[in-house]
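Q: Structure file upload.cif (mmCIF, C-alpha atoms and all ligand atoms) is given on the next line.
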data_target
loop_
_atom_site.group_PDB
_atom_site.id
_atom_site.type_symbol
_atom_site.label_atom_id
_atom_site.label_comp_id
_atom_site.auth_asym_id
_atom_site.auth_seq_id
_atom_site.Cartn_x
_atom_site.Cartn_y
_atom_site.Cartn_z
ATOM 1 C CA MET A 1 108.340 109.467 105.869
ATOM 2 C CA LYS A 2 111.342 109.060 103.610
ATOM 3 C CA ILE A 3 112.616 112.446 102.420
ATOM 4 C CA TYR A 4 114.001 112.716 98.894
ATOM 5 C CA ARG A 5 117.415 114.341 98.532
ATOM 6 C CA TYR A 6 117.176 114.657 94.766
ATOM 7 C CA CYS A 7 114.240 115.605 92.569
ATOM 8 C CA PRO A 8 112.562 112.467 91.169
ATOM 9 C CA LEU A 9 111.598 114.467 88.062
ATOM 10 C CA CYS A 10 114.797 116.327 87.095
ATOM 11 C CA LYS A 11 117.559 114.939 89.425
ATOM 12 C CA ALA A 12 118.452 118.372 90.871
ATOM 13 C CA GLU A 13 119.257 118.553 94.586
ATOM 14 C CA LEU A 14 116.132 119.450 96.545
ATOM 15 C CA THR A 15 115.805 122.490 98.753
ATOM 16 C CA THR A 16 112.729 123.363 100.813
ATOM 17 C CA ARG A 17 109.920 125.844 100.444
ATOM 18 C CA GLN A 18 106.643 126.776 102.094
ATOM 19 C CA ALA A 19 103.793 124.799 100.530
ATOM 20 C CA GLY A 20 100.403 124.039 102.029
ATOM 21 C CA GLY A 21 101.286 125.587 105.370
ATOM 22 C CA ARG A 22 104.598 123.897 106.074
ATOM 23 C CA GLU A 23 108.176 123.595 104.901
ATOM 24 C CA ARG A 24 108.517 120.801 102.330
ATOM 25 C CA PRO A 25 111.247 119.383 100.088
ATOM 26 C CA ALA A 26 110.957 121.179 96.748
ATOM 27 C CA CYS A 27 112.718 121.727 93.450
ATOM 28 C CA ALA A 28 113.184 124.723 91.140
ATOM 29 C CA CYS A 29 111.346 122.704 88.446
ATOM 30 C CA GLY A 30 108.153 122.952 90.513
ATOM 31 C CA TYR A 31 108.196 119.545 92.178
ATOM 32 C CA VAL A 32 107.103 119.442 95.843
ATOM 33 C CA GLN A 33 107.290 116.315 98.011
ATOM 34 C CA TRP A 34 103.888 116.349 99.687
ATOM 35 C CA GLY A 35 103.985 113.069 101.555
ATOM 36 C CA ASN A 36 100.358 111.980 101.750
ATOM 37 C CA PRO A 37 99.205 108.715 103.314
ATOM 38 C CA VAL A 38 98.482 105.904 100.877
ATOM 39 C CA PRO A 39 94.913 104.610 100.596
ATOM 40 C CA ALA A 40 94.343 100.926 101.251
ATOM 41 C CA ALA A 41 91.293 98.686 101.380
ATOM 42 C CA GLY A 42 90.545 95.893 103.808
ATOM 43 C CA VAL A 43 87.744 93.353 103.851
ATOM 44 C CA CYS A 44 85.895 91.983 106.844
ATOM 45 C CA VAL A 45 83.849 88.861 106.138
ATOM 46 C CA LEU A 46 81.761 87.690 109.075
ATOM 47 C CA ASP A 47 80.146 84.310 108.495
ATOM 48 C CA GLU A 48 78.394 82.318 111.246
ATOM 49 C CA GLY A 49 80.274 84.197 113.943
ATOM 50 C CA LYS A 50 83.663 83.766 112.300
ATOM 51 C CA VAL A 51 85.943 86.317 110.652
ATOM 52 C CA LEU A 52 88.386 85.568 107.842
ATOM 53 C CA TRP A 53 92.024 86.491 108.596
ATOM 54 C CA VAL A 54 95.201 86.017 106.592
ATOM 55 C CA ARG A 55 98.744 85.435 107.792
ATOM 56 C CA ARG A 56 101.413 87.679 106.316
ATOM 57 C CA ALA A 57 103.940 85.845 104.150
ATOM 58 C CA GLU A 58 106.272 88.846 103.813
ATOM 59 C CA ASN A 59 107.840 91.510 105.956
ATOM 60 C CA PRO A 60 106.929 93.873 107.476
ATOM 61 C CA LYS A 61 105.177 91.849 110.194
ATOM 62 C CA LYS A 62 105.775 88.485 108.537
ATOM 63 C CA GLY A 63 103.842 85.708 110.314
ATOM 64 C CA LEU A 64 101.345 88.070 111.919
ATOM 65 C CA TRP A 65 97.658 88.189 111.014
ATOM 66 C CA SER A 66 95.632 90.818 109.219
ATOM 67 C CA LEU A 67 92.328 91.257 107.501
ATOM 68 C CA PRO A 68 92.688 90.669 103.742
ATOM 69 C CA SER A 69 93.901 94.077 102.601
ATOM 70 C CA GLY A 70 96.304 96.007 100.427
ATOM 71 C CA PHE A 71 97.210 99.272 98.782
ATOM 72 C CA GLN A 72 95.032 100.847 96.121
ATOM 73 C CA GLU A 73 96.346 100.967 92.556
ATOM 74 C CA TRP A 74 96.386 104.340 90.802
ATOM 75 C CA GLU A 75 93.526 103.652 88.365
ATOM 76 C CA GLU A 76 91.525 101.461 90.727
ATOM 77 C CA ASP A 77 88.252 102.190 92.520
ATOM 78 C CA ILE A 78 88.693 101.526 96.255
ATOM 79 C CA ARG A 79 85.891 98.928 96.101
ATOM 80 C CA ASP A 80 87.618 97.076 93.263
ATOM 81 C CA CYS A 81 90.798 97.193 95.365
ATOM 82 C CA ALA A 82 88.954 95.516 98.267
ATOM 83 C CA ARG A 83 87.547 92.766 96.034
ATOM 84 C CA ARG A 84 90.910 92.222 94.323
ATOM 85 C CA GLU A 85 92.870 91.927 97.567
ATOM 86 C CA MET A 86 90.301 89.470 98.891
ATOM 87 C CA ARG A 87 90.556 87.324 95.755
ATOM 88 C CA GLU A 88 94.377 87.441 95.676
ATOM 89 C CA GLU A 89 94.932 86.651 99.357
ATOM 90 C CA THR A 90 92.083 84.205 100.051
ATOM 91 C CA GLY A 91 90.812 82.897 96.699
ATOM 92 C CA LEU A 92 87.295 84.054 97.577
ATOM 93 C CA THR A 93 85.010 86.409 95.712
ATOM 94 C CA VAL A 94 82.847 88.716 97.801
ATOM 95 C CA LYS A 95 79.947 91.125 97.592
ATOM 96 C CA LEU A 96 80.646 94.342 99.516
ATOM 97 C CA ASP A 97 77.812 95.133 101.945
ATOM 98 C CA GLY A 98 78.949 98.509 103.234
ATOM 99 C CA LEU A 99 81.543 100.346 105.214
ATOM 100 C CA LEU A 100 82.804 99.028 108.550
ATOM 101 C CA GLY A 101 85.097 101.994 109.143
ATOM 102 C CA VAL A 102 87.928 104.234 107.958
ATOM 103 C CA TYR A 103 91.202 104.204 109.889
ATOM 104 C CA SER A 104 94.457 106.143 109.877
ATOM 105 C CA ALA A 105 97.455 103.845 110.098
ATOM 106 C CA PHE A 106 100.856 104.962 111.372
ATOM 107 C CA ASP A 107 102.553 101.646 112.131
ATOM 108 C CA ASP A 108 103.542 100.407 108.661
ATOM 109 C CA PRO A 109 107.197 101.312 107.999
ATOM 110 C CA ARG A 110 106.537 101.485 104.243
ATOM 111 C CA ASN A 111 103.814 104.115 104.303
ATOM 112 C CA ASN A 112 101.353 105.895 106.492
ATOM 113 C CA ALA A 113 98.008 104.708 105.215
ATOM 114 C CA LEU A 114 94.314 105.433 105.110
ATOM 115 C CA LEU A 115 92.582 102.089 105.504
ATOM 116 C CA VAL A 116 88.998 101.705 104.286
ATOM 117 C CA VAL A 117 87.461 98.510 105.669
ATOM 118 C CA PHE A 118 84.369 97.055 104.019
ATOM 119 C CA LEU A 119 81.958 94.494 105.375
ATOM 120 C CA ALA A 120 81.469 91.752 102.804
ATOM 121 C CA THR A 121 79.729 88.467 102.107
ATOM 122 C CA GLU A 122 81.396 85.521 100.397
ATOM 123 C CA THR A 123 79.905 84.772 96.986
ATOM 124 C CA GLY A 124 82.227 82.090 95.607
ATOM 125 C CA GLY A 125 85.714 80.790 95.074
ATOM 126 C CA GLU A 126 87.709 78.347 97.137
ATOM 127 C CA LEU A 127 89.664 79.250 100.268
ATOM 128 C CA VAL A 128 93.341 79.213 99.224
ATOM 129 C CA ALA A 129 95.940 81.605 100.622
ATOM 130 C CA GLY A 130 97.844 83.449 97.923
ATOM 131 C CA ASP A 131 99.889 86.504 96.978
ATOM 132 C CA ASP A 132 101.423 87.907 100.191
ATOM 133 C CA ALA A 133 99.346 85.653 102.475
ATOM 134 C CA SER A 134 100.747 82.302 103.648
ATOM 135 C CA GLU A 135 97.554 81.163 105.340
ATOM 136 C CA ALA A 136 93.860 82.112 105.310
ATOM 137 C CA ARG A 137 91.747 80.980 108.217
ATOM 138 C CA TRP A 138 88.407 81.643 109.913
ATOM 139 C CA PHE A 139 88.619 82.731 113.573
ATOM 140 C CA PRO A 140 85.654 83.156 115.927
ATOM 141 C CA LEU A 141 84.825 86.842 116.361
ATOM 142 C CA GLU A 142 85.384 86.448 120.113
ATOM 143 C CA ALA A 143 88.711 84.601 119.651
ATOM 144 C CA PRO A 144 90.689 86.468 116.976
ATOM 145 C CA PRO A 145 94.343 85.739 116.183
ATOM 146 C CA GLU A 146 96.612 86.702 119.091
ATOM 147 C CA GLU A 147 99.163 88.456 116.918
ATOM 148 C CA ILE A 148 97.414 91.021 114.727
ATOM 149 C CA ALA A 149 99.878 92.931 112.560
ATOM 150 C CA TRP A 150 98.312 96.393 112.497
ATOM 151 C CA GLU A 151 96.619 98.692 115.022
ATOM 152 C CA SER A 152 94.074 99.806 112.385
ATOM 153 C CA HIS A 153 92.943 96.182 111.984
ATOM 154 C CA ARG A 154 92.540 95.854 115.762
ATOM 155 C CA GLN A 155 90.374 98.990 115.654
ATOM 156 C CA ALA A 156 88.291 97.505 112.812
ATOM 157 C CA LEU A 157 87.843 94.298 114.810
ATOM 158 C CA ALA A 158 86.679 96.303 117.843
ATOM 159 C CA ASP A 159 84.198 98.180 115.630
ATOM 160 C CA LEU A 160 82.901 94.893 114.219
ATOM 161 C CA ALA A 161 82.467 93.455 117.726
ATOM 162 C CA ALA A 162 80.540 96.579 118.778
ATOM 163 C CA LEU A 163 78.371 96.390 115.638
ATOM 164 C CA VAL A 164 77.503 92.737 116.260
ATOM 165 C CA ALA A 165 76.833 93.379 119.969
ATOM 166 C CA GLY A 166 74.487 96.223 118.944
ATOM 167 C CA ARG A 167 72.578 93.947 116.545
ATOM 168 C CA ARG A 168 72.025 91.382 119.302
ATOM 169 C CA GLN A 169 70.325 93.914 121.587
HETATM 170 ZN ZN ZN B 1 113.084 119.010 89.759
#
Just give me the structure as C-alpha cells.
Ligand SMILES: [Zn+2]
A:
Amino acid sequence: MKIYRYCPLCKAELTTRQAGGRERPACACGYVQWGNPVPAAGVCVLDEGKVLWVRRAENPKKGLWSLPSGFQEWEEDIRDCARREMREETGLTVKLDGLLGVYSAFDDPRNNALLVVFLATETGGELVAGDDASEARWFPLEAPPEEIAWESHRQALADLAALVAGRRQ
C-alpha cells in the first residue's frame, strides 16, 4: 500500500496514531489513511463448455488474460459494475445468474482488491474487445489461457470447474 506523506485534505505533514487497532498515517485535521482493499467485479460466462476471457491491453500484466472485470465506481452497484465491465471489454450484454465466488486479491500493484465474480449468460451484443482489453476470446473450460494475469481469476476458474464437475455427477 502506498503511504501518504502529506494529508490529502489539508496538505499538512502526516503523523501516525492508533485507529482501528493499529498505527495508521493520520492528520491533526482528523484524516486517517485506512487503506482498504478496492472492490471489483468479474464476470464468468460459460457457454457450451467455453469461457469468455479478455487479453489485457494495458499494464499491469499487459498481454495476459483475465475474466472481464474491473473496479467498482463510487456510486455503482456491484452488479451494474459487472455488467458494465462486460459490455466495455467484450461488447456483450449479460444477465447475471448468481455468484461464482468472492476472492481477496493481493497481486495487483495498484490496489489490493476484493473481487466478486458473477456467473452470467450472454443476452446480446457483438463480441468486440474494447476499453482495456485488446482481445476477447472463448476458451474451452478445460483449456483456459496459459497466462492468466491474476491469482484470484485462477481461483474463480477452479471454482467454476468444480461447479461444472459437480453438475455432471
Ligand atoms: Zn489534514
Q: What does the PyMOL selection byres (((chain A and resi 26) around 10) and not hetatm) select in this file, as an NGL selection string?
A: :A and (4-7 or 12-19 or 23-25 or 27-34)
Q: From the list A:Asp132, A:Ala57, A:Gly35, A:Pro8, which residue is nearest ligand ZN 1 (chain B) when using all atoms listed in the file?
A: A:Pro8
Q: Measure the distance from atom CA of A:Val116 to atom CA of A:Leu99 in Å and round it to one decimal.
A: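 For atom CA of A:Val116 relative to atom CA of A:Leu99, the distance reads 7.6 Å.
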Q: Determine the nearest neighbour of A:Ser134 from the options A:Asp80, A:Glu88, A:Glu48, A:Asp107, counting all atoms listed in the file.
A: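 Checking each candidate against A:Ser134, we get A:Glu88 as the closest.
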Q: To one decimal place, how far is atom CA of A:Thr90 from atom CA of A:Arg167 in Å?
A: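 Straight-line distance from atom CA of A:Thr90 to atom CA of A:Arg167 works out to 27.3 Å.
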Q: Report, in Å to a single decimal, how far apart atom CA of A:Glu122 and atom CA of A:Arg154 are.
A: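 Going from atom CA of A:Arg154 over to atom CA of A:Glu122 covers 21.6 Å.
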Q: Skipping near chain neighbours, those fewer than 5 positions away, what residues fall within 9 Å of A:Cys44 using all atoms listed in the file, listed as a list in words?
A: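 In the requested format, the answer is Val51, Leu52, Trp53, Leu67, Pro68, Leu100, Val117, Phe118, Leu119, Ala120, Thr121, Ala156, Leu157 and Leu160 of chain A.
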Q: Mind writing the picked residues with C-alpha atoms as a short mmCIF file (atom, residue, chain, number, x, y, z; two decimals), keeping the file's coordinate frame?
A:
data_model
loop_
_atom_site.label_atom_id
_atom_site.label_comp_id
_atom_site.auth_asym_id
_atom_site.auth_seq_id
_atom_site.Cartn_x
_atom_site.Cartn_y
_atom_site.Cartn_z
CA VAL A 51 85.94 86.32 110.65
CA LEU A 52 88.39 85.57 107.84
CA TRP A 53 92.02 86.49 108.60
CA LEU A 67 92.33 91.26 107.50
CA PRO A 68 92.69 90.67 103.74
CA LEU A 100 82.80 99.03 108.55
CA VAL A 117 87.46 98.51 105.67
CA PHE A 118 84.37 97.06 104.02
CA LEU A 119 81.96 94.49 105.38
CA ALA A 120 81.47 91.75 102.80
CA THR A 121 79.73 88.47 102.11
CA ALA A 156 88.29 97.50 112.81
CA LEU A 157 87.84 94.30 114.81
CA LEU A 160 82.90 94.89 114.22
#
Q: When you look at A:Pro109 with a cut-off of 12 Å (counting all atoms listed in the file), what residues show up, excluding the ones that are within fewer than 6 positions of it in the same chain? I need them as a count of residues only.
A: 7
Q: Once 3 Å is added on each side, what centre and edge lengths in Å to one decimal does the axis-aligned box around all listed atoms of stretch 79-91 of chain A have, as JSON?
A:
{"center_x": 90.4, "center_y": 90.9, "center_z": 96.7, "size_x": 15.0, "size_y": 22.0, "size_z": 12.8}
Q: Taking the file as I've supplied it (selection: the PyMOL selection byres (((chain A and resi 66) around 10) and not hetatm)), which residues are included? Please answer as a list in words.
A: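 Expected selection for the PyMOL selection byres (((chain A and resi 66) around 10) and not hetatm) here is Gly42, Val43, Leu52, Trp53, Val54, Arg55, Arg56, Lys61, Gly63, Leu64, Trp65, Leu67, Pro68, Ser69, Ala133, Ala136, Pro145, Glu147, Ile148, Ala149, Trp150, Glu151, Ser152, His153 and Arg154 of chain A.
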Q: So which one's closest to A:Asp77, A:Ala143, A:Ala41, A:Ala165, A:Leu114? Using all atoms listed in the file, please.
A: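 Under the stated criterion, the closest residue is A:Ala41.
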Q: Got a sec: who's within 10 Å of A:Arg84, counting only C-alpha atoms, leaving out chain neighbours fewer than 5 positions off, as a list of chain:residue names?
A: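 Residues near the query, excluding close chain neighbours: A:Ala41, A:Pro68, A:Ser69, A:Gly70, A:Gln72, A:Glu76, A:Ile78, A:Arg79, A:Glu89, A:Thr90, A:Gly91, A:Leu92, A:Thr93, A:Val94.
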Q: My list of candidates is A:Ser104, A:Gly125, A:Glu75, A:Ala161. Which is closest to A:Ala40 when distances are computed with only C-alpha atoms?
A: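 Comparing A:Ser104, A:Gly125, A:Glu75, A:Ala161 against A:Ala40, the winner is A:Ser104.
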